[in-house]
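Input: a single structure, listed below in structure tokens.
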Amino acid sequence: MLTAATSTSSRILVVRLGAMGDIIHALPAVASLKRSYPGSRLTWVVEPKWAPLLEDNPFIDRLVLLRRRTLAGLVESWRALCAERYDFAVDFQGLIKSALAASAARPGRIFGFHQSQLRERAAALFYSNKTVSRAAHVVDKNLELAAAAGAATLLRTFPLPMGHPEGALPPGDFVLASPLAGWRAKQWPIEHYQALAALLERELGIPLVLDGPPGSGLAHCSSLPG
């Protein structure tokens with residue numbers, strides 16, 4: 001295991017390409033790495049679609065966007081990865097594509113989860129250090145991986161940008177839901193949101209706001225009456 005005392009000017013590469021929830025779950029671990037290595041420079045590799053989630057993050061010094069849709073995009077991303085030398089990388093995703101991204105940067109070490117805990121076990125072939133997580137929640141799993149990479153101070157913080165509303169929002173507190181997020185198997189039946197709105201209004205006195213993409217039949221940031 002590395003320790004923060006090893007170097008006060010470490011260059012750290014973290015890889016979590018997407019998606020929204022997974023990036024949010026990795027935020028505390030990345031913050032812990034940055035805090036534990038004073039004076040370090042931390043770079044995060046992410047797909048362009050999810051980069052806005054990392055805007056103004058105080059624990060990130062540089063973003064590298066992994067553009068995989070075109071050969072020119074891949075070349076551009078590879079050059080950005082190789083523009084700096086990294087003491088070590090941490091792959092929080094555990095897929096072959098994320099392990100390849102970490103490996104392409106040629107860091108001194110690559111930390112990742114043990115192959116027994118990966119969906120794509122071959123990703124572990126790229127890791128020099130493999131961690132067996134004992135935690136149940138993914139946030140804690142990521143913190144364990146960060147600790148294996150030398151994070152001595154573990155932070156449970158989720159620095160997210162303020163964002164910009166795409167429609168009118170109700171004054172005061174409200175609950176925001178995205179019924180069409182993810183694929184169909186992960187979506188809660190739309191009719192249940194009416195019952196949820198009634199429950200929130202009755203128990204907490206706050207409205208439910210639904211967010212949906214254009215053409216979905218759900219207006220951006222529209223309140224659902226209880």
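All residue names refer to the structure tokens as shown: chains lettered A, B, ... in order, residues numbered from 1 in each chain, ligands numbered from 1 in order.
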
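Within the 12 Å cut-off around Leu65 (chain A), using only C-alpha atoms and omitting residues fewer than 5 positions from it on the same chain, the listed residues are Val15, Arg16, Leu17, Gly18, Thr43, Trp44, Val45, Val46, Glu47, Pro48, Lys49, Trp50, Ala51, Pro52, Leu54, Gly73, Leu74, Val75, Glu76, Ser77, Trp78, Arg79, Ala80, Leu81 and Ala101 of chain A.
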
Go ahead and write the residues just picked, N, CA and C atoms, as a PDB file, in the first residue's frame.
ATOM      1  N   VAL A  15      -9.880   6.835 -12.633  1.00  0.00           N
ATOM      2  CA  VAL A  15     -10.720   6.497 -13.783  1.00  0.00           C
ATOM      3  C   VAL A  15     -12.092   6.070 -13.284  1.00  0.00           C
ATOM      4  N   ARG A  16     -13.101   6.809 -13.666  1.00  0.00           N
ATOM      5  CA  ARG A  16     -14.501   6.424 -13.502  1.00  0.00           C
ATOM      6  C   ARG A  16     -15.210   7.115 -14.653  1.00  0.00           C
ATOM      7  N   LEU A  17     -15.449   6.402 -15.726  1.00  0.00           N
ATOM      8  CA  LEU A  17     -15.921   6.985 -16.982  1.00  0.00           C
ATOM      9  C   LEU A  17     -17.376   7.411 -16.926  1.00  0.00           C
ATOM     10  N   GLY A  18     -18.223   6.732 -16.209  1.00  0.00           N
ATOM     11  CA  GLY A  18     -19.653   7.002 -16.082  1.00  0.00           C
ATOM     12  C   GLY A  18     -20.235   5.915 -15.202  1.00  0.00           C
ATOM     13  N   THR A  43      -5.869  13.924 -11.614  1.00  0.00           N
ATOM     14  CA  THR A  43      -6.551  13.943 -12.915  1.00  0.00           C
ATOM     15  C   THR A  43      -7.633  12.870 -12.930  1.00  0.00           C
ATOM     16  N   TRP A  44      -8.800  13.210 -13.434  1.00  0.00           N
ATOM     17  CA  TRP A  44      -9.922  12.266 -13.528  1.00  0.00           C
ATOM     18  C   TRP A  44     -10.227  12.031 -15.008  1.00  0.00           C
ATOM     19  N   VAL A  45     -10.299  10.752 -15.404  1.00  0.00           N
ATOM     20  CA  VAL A  45     -10.687  10.387 -16.767  1.00  0.00           C
ATOM     21  C   VAL A  45     -12.183  10.079 -16.764  1.00  0.00           C
ATOM     22  N   VAL A  46     -12.940  10.745 -17.637  1.00  0.00           N
ATOM     23  CA  VAL A  46     -14.384  10.606 -17.652  1.00  0.00           C
ATOM     24  C   VAL A  46     -14.877  10.761 -19.083  1.00  0.00           C
ATOM     25  N   GLU A  47     -16.020  10.161 -19.393  1.00  0.00           N
ATOM     26  CA  GLU A  47     -16.625  10.352 -20.702  1.00  0.00           C
ATOM     27  C   GLU A  47     -17.244  11.751 -20.771  1.00  0.00           C
ATOM     28  N   PRO A  48     -17.204  12.385 -21.950  1.00  0.00           N
ATOM     29  CA  PRO A  48     -17.674  13.777 -22.073  1.00  0.00           C
ATOM     30  C   PRO A  48     -19.082  14.003 -21.541  1.00  0.00           C
ATOM     31  N   LYS A  49     -19.964  13.026 -21.715  1.00  0.00           N
ATOM     32  CA  LYS A  49     -21.361  13.171 -21.296  1.00  0.00           C
ATOM     33  C   LYS A  49     -21.496  13.490 -19.819  1.00  0.00           C
ATOM     34  N   TRP A  50     -20.550  12.947 -19.007  1.00  0.00           N
ATOM     35  CA  TRP A  50     -20.672  13.067 -17.561  1.00  0.00           C
ATOM     36  C   TRP A  50     -19.748  14.113 -16.959  1.00  0.00           C
ATOM     37  N   ALA A  51     -18.957  14.777 -17.786  1.00  0.00           N
ATOM     38  CA  ALA A  51     -18.008  15.771 -17.277  1.00  0.00           C
ATOM     39  C   ALA A  51     -18.671  16.903 -16.484  1.00  0.00           C
ATOM     40  N   PRO A  52     -19.899  17.356 -16.858  1.00  0.00           N
ATOM     41  CA  PRO A  52     -20.511  18.437 -16.072  1.00  0.00           C
ATOM     42  C   PRO A  52     -20.683  18.102 -14.588  1.00  0.00           C
ATOM     43  N   LEU A  54     -18.524  17.003 -12.708  1.00  0.00           N
ATOM     44  CA  LEU A  54     -17.257  17.251 -12.034  1.00  0.00           C
ATOM     45  C   LEU A  54     -16.817  18.710 -12.136  1.00  0.00           C
ATOM     46  N   GLY A  73     -11.061  11.011 -31.954  1.00  0.00           N
ATOM     47  CA  GLY A  73     -11.327  11.273 -30.541  1.00  0.00           C
ATOM     48  C   GLY A  73     -10.463  10.425 -29.634  1.00  0.00           C
ATOM     49  N   LEU A  74     -10.285   9.154 -30.010  1.00  0.00           N
ATOM     50  CA  LEU A  74      -9.434   8.271 -29.221  1.00  0.00           C
ATOM     51  C   LEU A  74      -7.988   8.747 -29.218  1.00  0.00           C
ATOM     52  N   VAL A  75      -7.512   9.171 -30.363  1.00  0.00           N
ATOM     53  CA  VAL A  75      -6.137   9.675 -30.455  1.00  0.00           C
ATOM     54  C   VAL A  75      -5.967  10.920 -29.588  1.00  0.00           C
ATOM     55  N   GLU A  76      -6.946  11.807 -29.644  1.00  0.00           N
ATOM     56  CA  GLU A  76      -6.905  13.021 -28.827  1.00  0.00           C
ATOM     57  C   GLU A  76      -6.878  12.672 -27.340  1.00  0.00           C
ATOM     58  N   SER A  77      -7.706  11.716 -26.936  1.00  0.00           N
ATOM     59  CA  SER A  77      -7.754  11.307 -25.535  1.00  0.00           C
ATOM     60  C   SER A  77      -6.445  10.653 -25.108  1.00  0.00           C
ATOM     61  N   TRP A  78      -5.887   9.813 -25.972  1.00  0.00           N
ATOM     62  CA  TRP A  78      -4.623   9.148 -25.659  1.00  0.00           C
ATOM     63  C   TRP A  78      -3.507  10.176 -25.466  1.00  0.00           C
ATOM     64  N   ARG A  79      -3.475  11.183 -26.314  1.00  0.00           N
ATOM     65  CA  ARG A  79      -2.459  12.228 -26.174  1.00  0.00           C
ATOM     66  C   ARG A  79      -2.631  12.998 -24.878  1.00  0.00           C
ATOM     67  N   ALA A  80      -3.885  13.254 -24.504  1.00  0.00           N
ATOM     68  CA  ALA A  80      -4.143  13.962 -23.246  1.00  0.00           C
ATOM     69  C   ALA A  80      -3.699  13.122 -22.049  1.00  0.00           C
ATOM     70  N   LEU A  81      -3.939  11.807 -22.123  1.00  0.00           N
ATOM     71  CA  LEU A  81      -3.510  10.923 -21.039  1.00  0.00           C
ATOM     72  C   LEU A  81      -1.996  10.875 -20.917  1.00  0.00           C
ATOM     73  N   ALA A 101      -7.827   2.513 -20.236  1.00  0.00           N
ATOM     74  CA  ALA A 101      -7.580   3.949 -20.117  1.00  0.00           C
ATOM     75  C   ALA A 101      -6.502   4.217 -19.079  1.00  0.00           C
TER      76      ALA A 101
END

Nearby residues (only C-alpha atoms) at most 10 Å from Leu154 (chain A), same-chain spacing under 5 positions excluded, as a ChimeraX atom specification: /A:28-33,35-36,140,143-144,146-147

Among listed residues A:Gly212, A:Gln115, A:Leu196, A:Leu53, nearest Gly182 (chain A) (using only C-alpha atoms): A:Gly212

Can you list, as a PyMOL selection string, every residue of region 87-122 of chain A that DSSP puts in alpha helix (DSSP H)? chain A and resi 96-104

Saved selection, atoms kept: N, CA and C atoms, as a JSON list (two decimals), in the first residue's frame:
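Saved as again34.json:
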[["chain", "number", "residue", "atom", "x", "y", "z"],
["A", 96, "ILE", "N", -12.89, -3.46, -18.72],
["A", 96, "ILE", "CA", -11.73, -3.50, -19.59],
["A", 96, "ILE", "C", -11.44, -2.12, -20.17],
["A", 97, "LYS", "N", -12.50, -1.38, -20.56],
["A", 97, "LYS", "CA", -12.28, -0.06, -21.15],
["A", 97, "LYS", "C", -11.66, 0.91, -20.15],
["A", 98, "SER", "N", -12.06, 0.84, -18.88],
["A", 98, "SER", "CA", -11.48, 1.74, -17.89],
["A", 98, "SER", "C", -10.06, 1.31, -17.53],
["A", 99, "ALA", "N", -9.81, 0.00, -17.47],
["A", 99, "ALA", "CA", -8.46, -0.49, -17.20],
["A", 99, "ALA", "C", -7.51, -0.12, -18.34],
["A", 100, "LEU", "N", -8.01, -0.18, -19.57],
["A", 100, "LEU", "CA", -7.20, 0.22, -20.72],
["A", 100, "LEU", "C", -6.85, 1.70, -20.65],
["A", 101, "ALA", "N", -7.83, 2.51, -20.24],
["A", 101, "ALA", "CA", -7.58, 3.95, -20.12],
["A", 101, "ALA", "C", -6.50, 4.22, -19.08],
["A", 102, "ALA", "N", -6.59, 3.54, -17.94],
["A", 102, "ALA", "CA", -5.57, 3.71, -16.90],
["A", 102, "ALA", "C", -4.21, 3.25, -17.40],
["A", 103, "SER", "N", -4.18, 2.12, -18.09],
["A", 103, "SER", "CA", -2.92, 1.56, -18.58],
["A", 103, "SER", "C", -2.29, 2.44, -19.65],
["A", 104, "ALA", "N", -3.12, 3.08, -20.48],
["A", 104, "ALA", "CA", -2.61, 3.91, -21.57],
["A", 104, "ALA", "C", -1.80, 5.08, -21.05]]

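Across the model, the gap from CA of Gly21 (chain A) to CA of Leu208 (chain A) is 20.3 Å.
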
Find the residues near Val132 (chain A): any atom within 10 Å, counting only C-alpha atoms, skip ones fewer than 6 places away on the same chain, and give them as a list in words.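 So, after excluding close chain neighbours, the residues are Gly112, Phe113, His114, Gln115, Ser116, Gln117, Lys141, Glu144, Leu145 and Ala148 of chain A.
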
Pairwise distance for CA of Phe126 (chain A) and CA of Met20 (chain A), rounded to one decimal in Å: 24.7 Å

Selection near region 160-175 of chain A, 10 Å with only C-alpha atoms, sequence-local residues under 6 positions removed, as a list in words: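 Counting only the stated atoms, we get Ile24, Leu27, Pro52, Leu53, Leu54, Glu55, Asp56, Asn57, Pro58, Ala197, Leu200, Glu201, Leu204, Gly205, Ile206, Pro207, Leu208, Val209, Leu210, Asp211, Ala219, His220, Cys221, Ser222 and Ser223 of chain A.
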
Filtering to N, CA and C atoms, could you give me those residues as a PDB file, in the first residue's frame?
ATOM      1  N   ILE A  24     -21.012   9.780  -8.854  1.00  0.00           N
ATOM      2  CA  ILE A  24     -21.331  10.347  -7.547  1.00  0.00           C
ATOM      3  C   ILE A  24     -20.824   9.437  -6.432  1.00  0.00           C
ATOM      4  N   LEU A  27     -17.108  10.013  -5.684  1.00  0.00           N
ATOM      5  CA  LEU A  27     -16.649  11.323  -5.232  1.00  0.00           C
ATOM      6  C   LEU A  27     -15.938  11.296  -3.878  1.00  0.00           C
ATOM      7  N   PRO A  52     -19.899  17.356 -16.858  1.00  0.00           N
ATOM      8  CA  PRO A  52     -20.511  18.437 -16.072  1.00  0.00           C
ATOM      9  C   PRO A  52     -20.683  18.102 -14.588  1.00  0.00           C
ATOM     10  N   LEU A  53     -20.762  16.815 -14.241  1.00  0.00           N
ATOM     11  CA  LEU A  53     -20.884  16.441 -12.830  1.00  0.00           C
ATOM     12  C   LEU A  53     -19.645  16.805 -12.028  1.00  0.00           C
ATOM     13  N   LEU A  54     -18.524  17.003 -12.708  1.00  0.00           N
ATOM     14  CA  LEU A  54     -17.257  17.251 -12.034  1.00  0.00           C
ATOM     15  C   LEU A  54     -16.817  18.710 -12.136  1.00  0.00           C
ATOM     16  N   GLU A  55     -17.675  19.576 -12.643  1.00  0.00           N
ATOM     17  CA  GLU A  55     -17.331  20.992 -12.763  1.00  0.00           C
ATOM     18  C   GLU A  55     -17.089  21.598 -11.384  1.00  0.00           C
ATOM     19  N   ASP A  56     -16.020  22.392 -11.285  1.00  0.00           N
ATOM     20  CA  ASP A  56     -15.692  23.137 -10.059  1.00  0.00           C
ATOM     21  C   ASP A  56     -15.457  22.229  -8.863  1.00  0.00           C
ATOM     22  N   ASN A  57     -15.116  20.972  -9.118  1.00  0.00           N
ATOM     23  CA  ASN A  57     -14.822  20.060  -8.009  1.00  0.00           C
ATOM     24  C   ASN A  57     -13.484  20.458  -7.391  1.00  0.00           C
ATOM     25  N   PRO A  58     -13.448  20.789  -6.089  1.00  0.00           N
ATOM     26  CA  PRO A  58     -12.214  21.291  -5.472  1.00  0.00           C
ATOM     27  C   PRO A  58     -11.132  20.232  -5.323  1.00  0.00           C
ATOM     28  N   ALA A 197     -46.302  11.432  -4.926  1.00  0.00           N
ATOM     29  CA  ALA A 197     -46.567  12.861  -4.786  1.00  0.00           C
ATOM     30  C   ALA A 197     -47.573  13.124  -3.672  1.00  0.00           C
ATOM     31  N   LEU A 200     -45.797  12.558  -0.257  1.00  0.00           N
ATOM     32  CA  LEU A 200     -44.904  13.662   0.096  1.00  0.00           C
ATOM     33  C   LEU A 200     -45.681  14.889   0.548  1.00  0.00           C
ATOM     34  N   GLU A 201     -46.774  15.162  -0.154  1.00  0.00           N
ATOM     35  CA  GLU A 201     -47.588  16.326   0.198  1.00  0.00           C
ATOM     36  C   GLU A 201     -48.245  16.135   1.566  1.00  0.00           C
ATOM     37  N   LEU A 204     -44.991  15.461   4.363  1.00  0.00           N
ATOM     38  CA  LEU A 204     -43.930  16.460   4.494  1.00  0.00           C
ATOM     39  C   LEU A 204     -44.331  17.849   3.997  1.00  0.00           C
ATOM     40  N   GLY A 205     -45.435  17.906   3.260  1.00  0.00           N
ATOM     41  CA  GLY A 205     -45.876  19.192   2.744  1.00  0.00           C
ATOM     42  C   GLY A 205     -44.974  19.747   1.658  1.00  0.00           C
ATOM     43  N   ILE A 206     -44.335  18.868   0.896  1.00  0.00           N
ATOM     44  CA  ILE A 206     -43.456  19.323  -0.190  1.00  0.00           C
ATOM     45  C   ILE A 206     -43.878  18.649  -1.493  1.00  0.00           C
ATOM     46  N   PRO A 207     -43.684  19.329  -2.615  1.00  0.00           N
ATOM     47  CA  PRO A 207     -44.118  18.775  -3.906  1.00  0.00           C
ATOM     48  C   PRO A 207     -43.078  17.835  -4.506  1.00  0.00           C
ATOM     49  N   LEU A 208     -43.546  16.993  -5.411  1.00  0.00           N
ATOM     50  CA  LEU A 208     -42.679  16.133  -6.211  1.00  0.00           C
ATOM     51  C   LEU A 208     -42.517  16.772  -7.585  1.00  0.00           C
ATOM     52  N   VAL A 209     -41.270  16.888  -8.032  1.00  0.00           N
ATOM     53  CA  VAL A 209     -40.967  17.473  -9.335  1.00  0.00           C
ATOM     54  C   VAL A 209     -40.389  16.384 -10.228  1.00  0.00           C
ATOM     55  N   LEU A 210     -40.956  16.246 -11.423  1.00  0.00           N
ATOM     56  CA  LEU A 210     -40.491  15.239 -12.371  1.00  0.00           C
ATOM     57  C   LEU A 210     -39.655  15.901 -13.466  1.00  0.00           C
ATOM     58  N   ASP A 211     -38.578  15.230 -13.831  1.00  0.00           N
ATOM     59  CA  ASP A 211     -37.706  15.714 -14.886  1.00  0.00           C
ATOM     60  C   ASP A 211     -37.668  14.662 -15.985  1.00  0.00           C
ATOM     61  N   ALA A 219     -42.634  17.187 -19.028  1.00  0.00           N
ATOM     62  CA  ALA A 219     -42.009  18.490 -19.197  1.00  0.00           C
ATOM     63  C   ALA A 219     -40.802  18.579 -18.260  1.00  0.00           C
ATOM     64  N   HIS A 220     -39.813  19.328 -18.678  1.00  0.00           N
ATOM     65  CA  HIS A 220     -38.653  19.542 -17.828  1.00  0.00           C
ATOM     66  C   HIS A 220     -39.104  20.168 -16.508  1.00  0.00           C
ATOM     67  N   CYS A 221     -38.719  19.571 -15.390  1.00  0.00           N
ATOM     68  CA  CYS A 221     -38.942  20.136 -14.069  1.00  0.00           C
ATOM     69  C   CYS A 221     -40.398  20.550 -13.864  1.00  0.00           C
ATOM     70  N   SER A 222     -41.323  19.647 -14.134  1.00  0.00           N
ATOM     71  CA  SER A 222     -42.729  19.946 -13.928  1.00  0.00           C
ATOM     72  C   SER A 222     -43.203  19.330 -12.619  1.00  0.00           C
ATOM     73  N   SER A 223     -43.962  20.101 -11.849  1.00  0.00           N
ATOM     74  CA  SER A 223     -44.466  19.626 -10.566  1.00  0.00           C
ATOM     75  C   SER A 223     -45.640  18.686 -10.789  1.00  0.00           C
TER      76      SER A 223
END

What lies within 6 Å of Val14 (chain A) using only C-alpha atoms, ignoring chain neighbours under 2 positions off, as a PyMOL selection string? chain A and resi 44+89-91

Selected residues written out with all heavy atoms, as a PDB file, in the first residue's frame:
ATOM      1  N   TRP A  44      -8.800  13.210 -13.434  1.00  0.00           N
ATOM      2  CA  TRP A  44      -9.922  12.266 -13.528  1.00  0.00           C
ATOM      3  C   TRP A  44     -10.227  12.031 -15.008  1.00  0.00           C
ATOM      4  O   TRP A  44     -10.418  12.975 -15.767  1.00  0.00           O
ATOM      5  CB  TRP A  44     -11.143  12.840 -12.826  1.00  0.00           C
ATOM      6  CG  TRP A  44     -12.329  11.907 -12.695  1.00  0.00           C
ATOM      7  CD1 TRP A  44     -12.830  11.061 -13.639  1.00  0.00           C
ATOM      8  CD2 TRP A  44     -13.170  11.744 -11.538  1.00  0.00           C
ATOM      9  NE1 TRP A  44     -13.915  10.373 -13.167  1.00  0.00           N
ATOM     10  CE2 TRP A  44     -14.146  10.769 -11.868  1.00  0.00           C
ATOM     11  CE3 TRP A  44     -13.197  12.313 -10.278  1.00  0.00           C
ATOM     12  CZ2 TRP A  44     -15.147  10.381 -10.982  1.00  0.00           C
ATOM     13  CZ3 TRP A  44     -14.190  11.914  -9.385  1.00  0.00           C
ATOM     14  CH2 TRP A  44     -15.146  10.959  -9.728  1.00  0.00           C
ATOM     15  N   ALA A  89      -2.374   5.117 -10.630  1.00  0.00           N
ATOM     16  CA  ALA A  89      -3.747   5.287 -11.093  1.00  0.00           C
ATOM     17  C   ALA A  89      -4.666   4.401 -10.261  1.00  0.00           C
ATOM     18  O   ALA A  89      -4.243   3.359  -9.753  1.00  0.00           O
ATOM     19  CB  ALA A  89      -3.869   4.925 -12.573  1.00  0.00           C
ATOM     20  N   VAL A  90      -5.914   4.828 -10.141  1.00  0.00           N
ATOM     21  CA  VAL A  90      -6.928   4.043  -9.443  1.00  0.00           C
ATOM     22  C   VAL A  90      -8.123   3.889 -10.372  1.00  0.00           C
ATOM     23  O   VAL A  90      -8.717   4.883 -10.795  1.00  0.00           O
ATOM     24  CB  VAL A  90      -7.369   4.708  -8.123  1.00  0.00           C
ATOM     25  CG1 VAL A  90      -8.329   3.785  -7.369  1.00  0.00           C
ATOM     26  CG2 VAL A  90      -6.170   5.061  -7.254  1.00  0.00           C
ATOM     27  N   ASP A  91      -8.460   2.642 -10.700  1.00  0.00           N
ATOM     28  CA  ASP A  91      -9.593   2.360 -11.582  1.00  0.00           C
ATOM     29  C   ASP A  91     -10.790   1.984 -10.718  1.00  0.00           C
ATOM     30  O   ASP A  91     -10.881   0.874 -10.204  1.00  0.00           O
ATOM     31  CB  ASP A  91      -9.248   1.219 -12.540  1.00  0.00           C
ATOM     32  CG  ASP A  91     -10.404   0.866 -13.470  1.00  0.00           C
ATOM     33  OD1 ASP A  91     -11.398   1.618 -13.494  1.00  0.00           O
ATOM     34  OD2 ASP A  91     -10.313  -0.158 -14.157  1.00  0.00           O
TER      35      ASP A  91
END

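Taking only C-alpha atoms into account, Gly94 (chain A) lies nearest to A:Ala124 out of the set A:Asp61, A:Ala124, A:Ala72, A:Arg67.
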
Would you please extract all strand (DSSP E) residues from region 2-225 of chain A, as assigned by DSSP on the backbone, and give them as a PyMOL selection string? chain A and resi 11-15+41-46+62-65+88-91+109-113+129-131+175-177+208-210+222-224
